[in-house]
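> Below you'll find the structure I mean.
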Amino acid sequence: MLNQKKVAVYVTGGIAAYKALLFVRLLIKEGAQVKVAMTQSACQFVSPLTFQVLTKEKVMVDTFDENDPSVVQHIHFADWSELAIVIPATANTIAKMANGIADNFVTSALLATTAPKVIVPAMNEHMWENPATVRNCTQLQKEGVHFIEPAVGFLAEGYSGKGRLPEPEEVLQQIKEMNLFEQEEQPLLGKKVLITAGGTKERIDPVRYISNDSSGKMGYALAEDAVKKGAEVILISATTALPVPKGVKIEYVESARDMQEKVLNHFSLVDIAIMVAAVSDYRVKEPATQKMKKTDDEDEITLTLVKNPDILKQLGSLKKEGQT
């Protein structure tokens, strides 16, 4: 999503400014082209030189640092960006953005920015909950600005509350889930996609089963990517151990026959089916209804296995023209 995207990062004057360094590094690893602008207050916490070394780009601080006569720097900076991220965003900068105040390089460039904007607030809990801040955030949201909620945790003031900057990895993940570039990266828009994931379980008794080592991660990753590309996704999962990707409709199953039933229920309604679940080839013919107990006179037990239905083969026979 962020590969080769031009991302402007605006750092304002809060103690959480040090986390912006880690965040910029993550953006660069994603392949983004990153430029940084800072308020004078932010420079009290983190040096512009550090961002310059990370990005290999000059860091903008002074509105009147016009060393290139061919451009107006804050307008040039705004026009260059395809995504603007304010991290950390102080209550002061949020208030200025909400009221159109442009009294430094950061607020001037943001006022001129037409690209999507993401604000990542970080402040004291009482400042975050103040009616003025709530009003300013609501106004910006009405104007289409995206927000990432502050986290709850230990604050700089020495007590716990809501206002911490989320960890940089979490911020990056939430921005990815916003699909900010959906108009240019949604080849599956309007398509319905069915995906299976995880390893099915075949019961021996109520507490034991036969299964495999499939984690389900591939299916979940495919589901997440399909949503980002505009698809309506139904995920049939044999595992409950993974977080459900945002925007994915999920149905849980246990056995191969459970999965067969769910898949057949949906197959006629989808455009694409991606079968990456590790489905058990065999099941126990007669599972015990109670926990099987070990006895002193039996050193061995015999389980009779019978073949499970071949779901993929069934889908092949049901496939309609236009389905993939």
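By order of appearance in the structure tokens: chains A, B, ..., then residues from 1 within every chain, and ligands from 1 in the order shown.
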Excluding A:His126 and its own-chain neighbours fewer than 3 positions away, which residues fall within 9 Å of it when counting only C-alpha atoms? Please give them as a CSV table (one decimal) with C-alpha atoms, in the first residue's frame.

chain,number,residue,atom,x,y,z
A,123,MET,CA,-1.5,14.3,25.1
A,129,GLU,CA,-11.2,14.7,27.0
A,130,ASN,CA,-11.5,18.5,27.2
A,161,GLY,CA,-4.8,7.3,31.5
A,162,LYS,CA,-5.9,7.7,27.9
A,163,GLY,CA,-3.6,9.8,25.8
> Would you give me, as a tab-separated table, each residue of stretch 109-202 of chain A having an atom within 8 Å of an atom of stretch 6-16 of chain A, along with its shortest atom pair and that distance in Å to one decimal, using only C-alpha atoms and sorting by chain and residue number?

residue	atom	partner	partner_atom	distance
A:Ala122	CA	A:Ala16	CA	6.9
A:Met123	CA	A:Gly14	CA	7.3
A:Ala156	CA	A:Ile15	CA	7.6
A:Arg164	CA	A:Ala16	CA	7.8
A:Leu165	CA	A:Ala16	CA	6.5
> Go ahead and dump the residues you just picked, C-alpha atoms, as a PDB file, in the first residue's frame.

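New file result32.pdb:
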ATOM      1  CA  ALA A 122      -0.841  12.210  22.063  1.00  0.00           C
ATOM      2  CA  MET A 123      -1.501  14.323  25.144  1.00  0.00           C
ATOM      3  CA  ALA A 156       4.463  11.274  31.157  1.00  0.00           C
ATOM      4  CA  ARG A 164      -0.485   7.725  25.050  1.00  0.00           C
ATOM      5  CA  LEU A 165       0.708   7.524  21.471  1.00  0.00           C
TER       6      LEU A 165
END
> I'd like the contact shell of A:Gly247 - 12 Å cut-off, only C-alpha atoms, skipping same-chain residues fewer than 5 positions apart - returned as a ChimeraX atom specification.
/A:177-179,220,223-235
> Taking C-alpha atoms for each residue, export the selection above as a PDB file, in the first residue's frame.

ATOM      1  CA  GLU A 177      -6.410  -0.663   7.200  1.00  0.00           C
ATOM      2  CA  MET A 178      -7.822   2.739   6.266  1.00  0.00           C
ATOM      3  CA  ASN A 179      -7.420   1.959   2.533  1.00  0.00           C
ATOM      4  CA  TYR A 220      -5.943 -14.716   6.979  1.00  0.00           C
ATOM      5  CA  ALA A 223      -8.366 -12.308   3.327  1.00  0.00           C
ATOM      6  CA  GLU A 224      -6.844  -9.070   4.629  1.00  0.00           C
ATOM      7  CA  ASP A 225      -5.277  -8.302   1.256  1.00  0.00           C
ATOM      8  CA  ALA A 226      -8.486  -9.067  -0.644  1.00  0.00           C
ATOM      9  CA  VAL A 227     -10.418  -6.596   1.523  1.00  0.00           C
ATOM     10  CA  LYS A 228      -7.801  -3.930   0.841  1.00  0.00           C
ATOM     11  CA  LYS A 229      -8.254  -4.586  -2.866  1.00  0.00           C
ATOM     12  CA  GLY A 230     -11.990  -3.914  -2.552  1.00  0.00           C
ATOM     13  CA  ALA A 231     -13.446  -7.423  -2.242  1.00  0.00           C
ATOM     14  CA  GLU A 232     -16.261  -8.563   0.013  1.00  0.00           C
ATOM     15  CA  VAL A 233     -14.572 -11.446   1.838  1.00  0.00           C
ATOM     16  CA  ILE A 234     -16.012 -14.473   3.603  1.00  0.00           C
ATOM     17  CA  LEU A 235     -13.400 -16.388   5.587  1.00  0.00           C
TER      18      LEU A 235
END
> Could you pull out the helix (DSSP H, G or I) residues of stretch 100-161 of chain A from DSSP and send them as a VMD selection string?
chain A and resid 105 to 112 125 to 129 131 to 142
> Could you save the residues just selected, with C-alpha atoms, as a PDB file, in the first residue's frame?

ATOM      1  CA  PHE A 105       5.542  25.603   8.723  1.00  0.00           C
ATOM      2  CA  VAL A 106       3.580  22.530   9.884  1.00  0.00           C
ATOM      3  CA  THR A 107       0.176  24.189  10.118  1.00  0.00           C
ATOM      4  CA  SER A 108       0.747  26.197   6.925  1.00  0.00           C
ATOM      5  CA  ALA A 109       1.648  23.079   4.933  1.00  0.00           C
ATOM      6  CA  LEU A 110      -1.259  21.112   6.402  1.00  0.00           C
ATOM      7  CA  LEU A 111      -3.698  23.888   5.487  1.00  0.00           C
ATOM      8  CA  ALA A 112      -2.455  23.642   1.893  1.00  0.00           C
ATOM      9  CA  GLU A 125      -5.921  12.450  29.349  1.00  0.00           C
ATOM     10  CA  HIS A 126      -7.640  15.600  30.605  1.00  0.00           C
ATOM     11  CA  MET A 127      -6.521  17.553  27.549  1.00  0.00           C
ATOM     12  CA  TRP A 128      -7.815  14.779  25.281  1.00  0.00           C
ATOM     13  CA  GLU A 129     -11.202  14.745  27.012  1.00  0.00           C
ATOM     14  CA  PRO A 131     -14.652  19.714  25.336  1.00  0.00           C
ATOM     15  CA  ALA A 132     -12.548  22.014  23.170  1.00  0.00           C
ATOM     16  CA  THR A 133     -10.363  19.128  21.977  1.00  0.00           C
ATOM     17  CA  VAL A 134     -13.408  16.918  21.441  1.00  0.00           C
ATOM     18  CA  ARG A 135     -15.019  19.691  19.402  1.00  0.00           C
ATOM     19  CA  ASN A 136     -11.890  20.255  17.320  1.00  0.00           C
ATOM     20  CA  CYS A 137     -11.480  16.541  16.567  1.00  0.00           C
ATOM     21  CA  THR A 138     -15.149  16.248  15.608  1.00  0.00           C
ATOM     22  CA  GLN A 139     -14.816  19.193  13.232  1.00  0.00           C
ATOM     23  CA  LEU A 140     -11.761  17.714  11.536  1.00  0.00           C
ATOM     24  CA  GLN A 141     -13.441  14.326  11.196  1.00  0.00           C
ATOM     25  CA  LYS A 142     -16.407  16.028   9.493  1.00  0.00           C
TER      26      LYS A 142
END
> For A:Tyr252, which residue out of A:Lys5, A:Gly219, A:Gly198, A:Val207 is the nearest one, using only C-alpha atoms?
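For A:Tyr252, the nearest of the given residues is A:Gly198.
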> Nearest to A:Val53 among A:Leu194, A:Val36, A:Ile236, A:Asp68, with distances taken over only C-alpha atoms: which residue is it?
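With only C-alpha atoms as the atom set, the closest residue is A:Val36.
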> For A:Arg257, work out the shell of residues within 10 Å, counting only C-alpha atoms and skipping chain neighbours fewer than 3 positions away, then give it as a PyMOL selection string.
chain A and resi 200+202+253-254+260-263+279-280+283+308-311
> What gap, in Å, lies between atom CA of A:Leu155 and atom CA of A:Ala98?
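One can read the atom CA of A:Leu155 to atom CA of A:Ala98 distance as 25.1 Å.
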> So that I can see what lies close to A:Leu318, please list as a ChimeraX atom specification the residues with an atom at most 12 Å from it, counting only C-alpha atoms and leaving out residues fewer than 6 positions away in the same chain.
/A:263-269,273,311-312,324
> When you draw a straight line from atom CA of A:Val24 to atom CA of A:Gln44, how long is it in Å?
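We find that atom CA of A:Val24 and atom CA of A:Gln44 lie 18.3 Å from each other.
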> If you measure from atom CA of A:Pro287 to atom CA of A:Ile250, what distance in Å do you get, rounded to one decimal?
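Taking atom CA of A:Pro287 and atom CA of A:Ile250, their separation equals 27.3 Å.
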> I need the residues of stretch 18-171 of chain A that end up classed as strand (DSSP E) by DSSP on the backbone, written out as a PDB file with N, CA, C and O atoms, in the first residue's frame.

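Full text of result-v8.pdb as output:
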ATOM      1  N   GLN A  33       8.409   7.014   0.319  1.00  0.00           N
ATOM      2  CA  GLN A  33       9.301   8.169   0.268  1.00  0.00           C
ATOM      3  C   GLN A  33       8.829   9.131   1.357  1.00  0.00           C
ATOM      4  O   GLN A  33       7.677   9.575   1.329  1.00  0.00           O
ATOM      5  N   VAL A  34       9.694   9.446   2.298  1.00  0.00           N
ATOM      6  CA  VAL A  34       9.267  10.191   3.484  1.00  0.00           C
ATOM      7  C   VAL A  34      10.006  11.521   3.592  1.00  0.00           C
ATOM      8  O   VAL A  34      11.232  11.576   3.441  1.00  0.00           O
ATOM      9  N   LYS A  35       9.232  12.571   3.847  1.00  0.00           N
ATOM     10  CA  LYS A  35       9.788  13.867   4.216  1.00  0.00           C
ATOM     11  C   LYS A  35       9.165  14.284   5.543  1.00  0.00           C
ATOM     12  O   LYS A  35       8.006  13.960   5.814  1.00  0.00           O
ATOM     13  N   VAL A  36       9.936  15.007   6.348  1.00  0.00           N
ATOM     14  CA  VAL A  36       9.487  15.370   7.699  1.00  0.00           C
ATOM     15  C   VAL A  36       9.466  16.886   7.858  1.00  0.00           C
ATOM     16  O   VAL A  36      10.379  17.585   7.395  1.00  0.00           O
ATOM     17  N   ALA A  37       8.431  17.367   8.513  1.00  0.00           N
ATOM     18  CA  ALA A  37       8.357  18.762   8.954  1.00  0.00           C
ATOM     19  C   ALA A  37       8.111  18.762  10.454  1.00  0.00           C
ATOM     20  O   ALA A  37       7.389  17.898  10.972  1.00  0.00           O
ATOM     21  N   MET A  38       8.707  19.727  11.160  1.00  0.00           N
ATOM     22  CA  MET A  38       8.598  19.765  12.616  1.00  0.00           C
ATOM     23  C   MET A  38       8.233  21.173  13.086  1.00  0.00           C
ATOM     24  O   MET A  38       8.599  22.164  12.449  1.00  0.00           O
ATOM     25  N   LEU A  83       0.178  11.545   1.136  1.00  0.00           N
ATOM     26  CA  LEU A  83      -0.407  11.218   2.439  1.00  0.00           C
ATOM     27  C   LEU A  83       0.277  12.077   3.480  1.00  0.00           C
ATOM     28  O   LEU A  83       1.506  12.201   3.477  1.00  0.00           O
ATOM     29  N   ALA A  84      -0.504  12.687   4.367  1.00  0.00           N
ATOM     30  CA  ALA A  84       0.036  13.510   5.446  1.00  0.00           C
ATOM     31  C   ALA A  84      -0.313  12.866   6.781  1.00  0.00           C
ATOM     32  O   ALA A  84      -1.479  12.556   7.031  1.00  0.00           O
ATOM     33  N   ILE A  85       0.702  12.683   7.631  1.00  0.00           N
ATOM     34  CA  ILE A  85       0.494  12.058   8.939  1.00  0.00           C
ATOM     35  C   ILE A  85       1.063  12.982  10.010  1.00  0.00           C
ATOM     36  O   ILE A  85       2.240  13.353   9.961  1.00  0.00           O
ATOM     37  N   VAL A  86       0.216  13.364  10.972  1.00  0.00           N
ATOM     38  CA  VAL A  86       0.652  14.209  12.083  1.00  0.00           C
ATOM     39  C   VAL A  86       0.864  13.306  13.288  1.00  0.00           C
ATOM     40  O   VAL A  86      -0.089  12.761  13.850  1.00  0.00           O
ATOM     41  N   ILE A  87       2.127  13.145  13.696  1.00  0.00           N
ATOM     42  CA  ILE A  87       2.462  12.195  14.764  1.00  0.00           C
ATOM     43  C   ILE A  87       3.670  12.703  15.536  1.00  0.00           C
ATOM     44  O   ILE A  87       4.728  12.901  14.943  1.00  0.00           O
ATOM     45  N   PRO A  88       3.593  12.931  16.820  1.00  0.00           N
ATOM     46  CA  PRO A  88       2.357  13.013  17.598  1.00  0.00           C
ATOM     47  C   PRO A  88       1.655  14.337  17.302  1.00  0.00           C
ATOM     48  O   PRO A  88       2.303  15.330  16.990  1.00  0.00           O
ATOM     49  N   ALA A  89       0.348  14.337  17.430  1.00  0.00           N
ATOM     50  CA  ALA A  89      -0.433  15.556  17.246  1.00  0.00           C
ATOM     51  C   ALA A  89      -0.821  16.095  18.614  1.00  0.00           C
ATOM     52  O   ALA A  89      -1.523  15.425  19.365  1.00  0.00           O
ATOM     53  N   LYS A 117      -5.294  13.047   5.170  1.00  0.00           N
ATOM     54  CA  LYS A 117      -4.584  13.403   6.399  1.00  0.00           C
ATOM     55  C   LYS A 117      -4.945  12.418   7.503  1.00  0.00           C
ATOM     56  O   LYS A 117      -6.115  12.063   7.664  1.00  0.00           O
ATOM     57  N   VAL A 118      -3.937  12.017   8.267  1.00  0.00           N
ATOM     58  CA  VAL A 118      -4.134  11.138   9.421  1.00  0.00           C
ATOM     59  C   VAL A 118      -3.528  11.829  10.639  1.00  0.00           C
ATOM     60  O   VAL A 118      -2.359  12.235  10.611  1.00  0.00           O
ATOM     61  N   ILE A 119      -4.320  11.968  11.689  1.00  0.00           N
ATOM     62  CA  ILE A 119      -3.852  12.590  12.928  1.00  0.00           C
ATOM     63  C   ILE A 119      -3.709  11.514  13.995  1.00  0.00           C
ATOM     64  O   ILE A 119      -4.625  10.721  14.224  1.00  0.00           O
ATOM     65  N   VAL A 120      -2.549  11.510  14.638  1.00  0.00           N
ATOM     66  CA  VAL A 120      -2.274  10.542  15.704  1.00  0.00           C
ATOM     67  C   VAL A 120      -2.036  11.345  16.994  1.00  0.00           C
ATOM     68  O   VAL A 120      -0.908  11.739  17.284  1.00  0.00           O
ATOM     69  N   PRO A 121      -3.095  11.604  17.759  1.00  0.00           N
ATOM     70  CA  PRO A 121      -2.959  12.472  18.932  1.00  0.00           C
ATOM     71  C   PRO A 121      -2.161  11.812  20.058  1.00  0.00           C
ATOM     72  O   PRO A 121      -2.167  10.591  20.231  1.00  0.00           O
ATOM     73  N   HIS A 146      -8.670  11.732   9.096  1.00  0.00           N
ATOM     74  CA  HIS A 146      -8.700  10.450   9.804  1.00  0.00           C
ATOM     75  C   HIS A 146      -7.961  10.563  11.134  1.00  0.00           C
ATOM     76  O   HIS A 146      -6.930  11.242  11.228  1.00  0.00           O
ATOM     77  N   PHE A 147      -8.492   9.872  12.153  1.00  0.00           N
ATOM     78  CA  PHE A 147      -7.873   9.871  13.475  1.00  0.00           C
ATOM     79  C   PHE A 147      -7.517   8.453  13.907  1.00  0.00           C
ATOM     80  O   PHE A 147      -8.240   7.503  13.593  1.00  0.00           O
ATOM     81  N   ALA A 151      -3.823   5.634  22.971  1.00  0.00           N
ATOM     82  CA  ALA A 151      -3.867   4.407  23.764  1.00  0.00           C
ATOM     83  C   ALA A 151      -3.994   4.748  25.251  1.00  0.00           C
ATOM     84  O   ALA A 151      -3.720   5.870  25.679  1.00  0.00           O
ATOM     85  N   VAL A 152      -4.412   3.761  26.022  1.00  0.00           N
ATOM     86  CA  VAL A 152      -4.467   3.884  27.475  1.00  0.00           C
ATOM     87  C   VAL A 152      -3.185   3.302  28.046  1.00  0.00           C
ATOM     88  O   VAL A 152      -2.750   2.226  27.652  1.00  0.00           O
ATOM     89  N   GLY A 153      -2.567   4.027  28.980  1.00  0.00           N
ATOM     90  CA  GLY A 153      -1.328   3.513  29.576  1.00  0.00           C
ATOM     91  C   GLY A 153      -0.685   4.556  30.462  1.00  0.00           C
ATOM     92  O   GLY A 153      -1.288   5.586  30.815  1.00  0.00           O
ATOM     93  N   PHE A 154       0.559   4.308  30.803  1.00  0.00           N
ATOM     94  CA  PHE A 154       1.309   5.188  31.709  1.00  0.00           C
ATOM     95  C   PHE A 154       1.693   6.463  30.965  1.00  0.00           C
ATOM     96  O   PHE A 154       2.331   6.416  29.913  1.00  0.00           O
ATOM     97  N   SER A 160      -1.634   6.612  35.039  1.00  0.00           N
ATOM     98  CA  SER A 160      -2.198   5.939  33.875  1.00  0.00           C
ATOM     99  C   SER A 160      -3.448   6.656  33.382  1.00  0.00           C
ATOM    100  O   SER A 160      -4.228   7.186  34.161  1.00  0.00           O
ATOM    101  N   GLY A 161      -3.622   6.675  32.065  1.00  0.00           N
ATOM    102  CA  GLY A 161      -4.798   7.298  31.479  1.00  0.00           C
ATOM    103  C   GLY A 161      -4.780   7.171  29.974  1.00  0.00           C
ATOM    104  O   GLY A 161      -3.850   6.608  29.390  1.00  0.00           O
ATOM    105  N   LYS A 162      -5.802   7.718  29.335  1.00  0.00           N
ATOM    106  CA  LYS A 162      -5.889   7.681  27.874  1.00  0.00           C
ATOM    107  C   LYS A 162      -5.193   8.917  27.315  1.00  0.00           C
ATOM    108  O   LYS A 162      -5.493  10.042  27.716  1.00  0.00           O
ATOM    109  N   GLY A 163      -4.288   8.701  26.394  1.00  0.00           N
ATOM    110  CA  GLY A 163      -3.560   9.822  25.814  1.00  0.00           C
ATOM    111  C   GLY A 163      -2.209   9.431  25.251  1.00  0.00           C
ATOM    112  O   GLY A 163      -1.568  10.196  24.544  1.00  0.00           O
ATOM    113  N   ARG A 164      -1.764   8.206  25.562  1.00  0.00           N
ATOM    114  CA  ARG A 164      -0.485   7.725  25.050  1.00  0.00           C
ATOM    115  C   ARG A 164      -0.525   7.573  23.525  1.00  0.00           C
ATOM    116  O   ARG A 164      -1.554   7.187  22.961  1.00  0.00           O
TER     117      ARG A 164
END
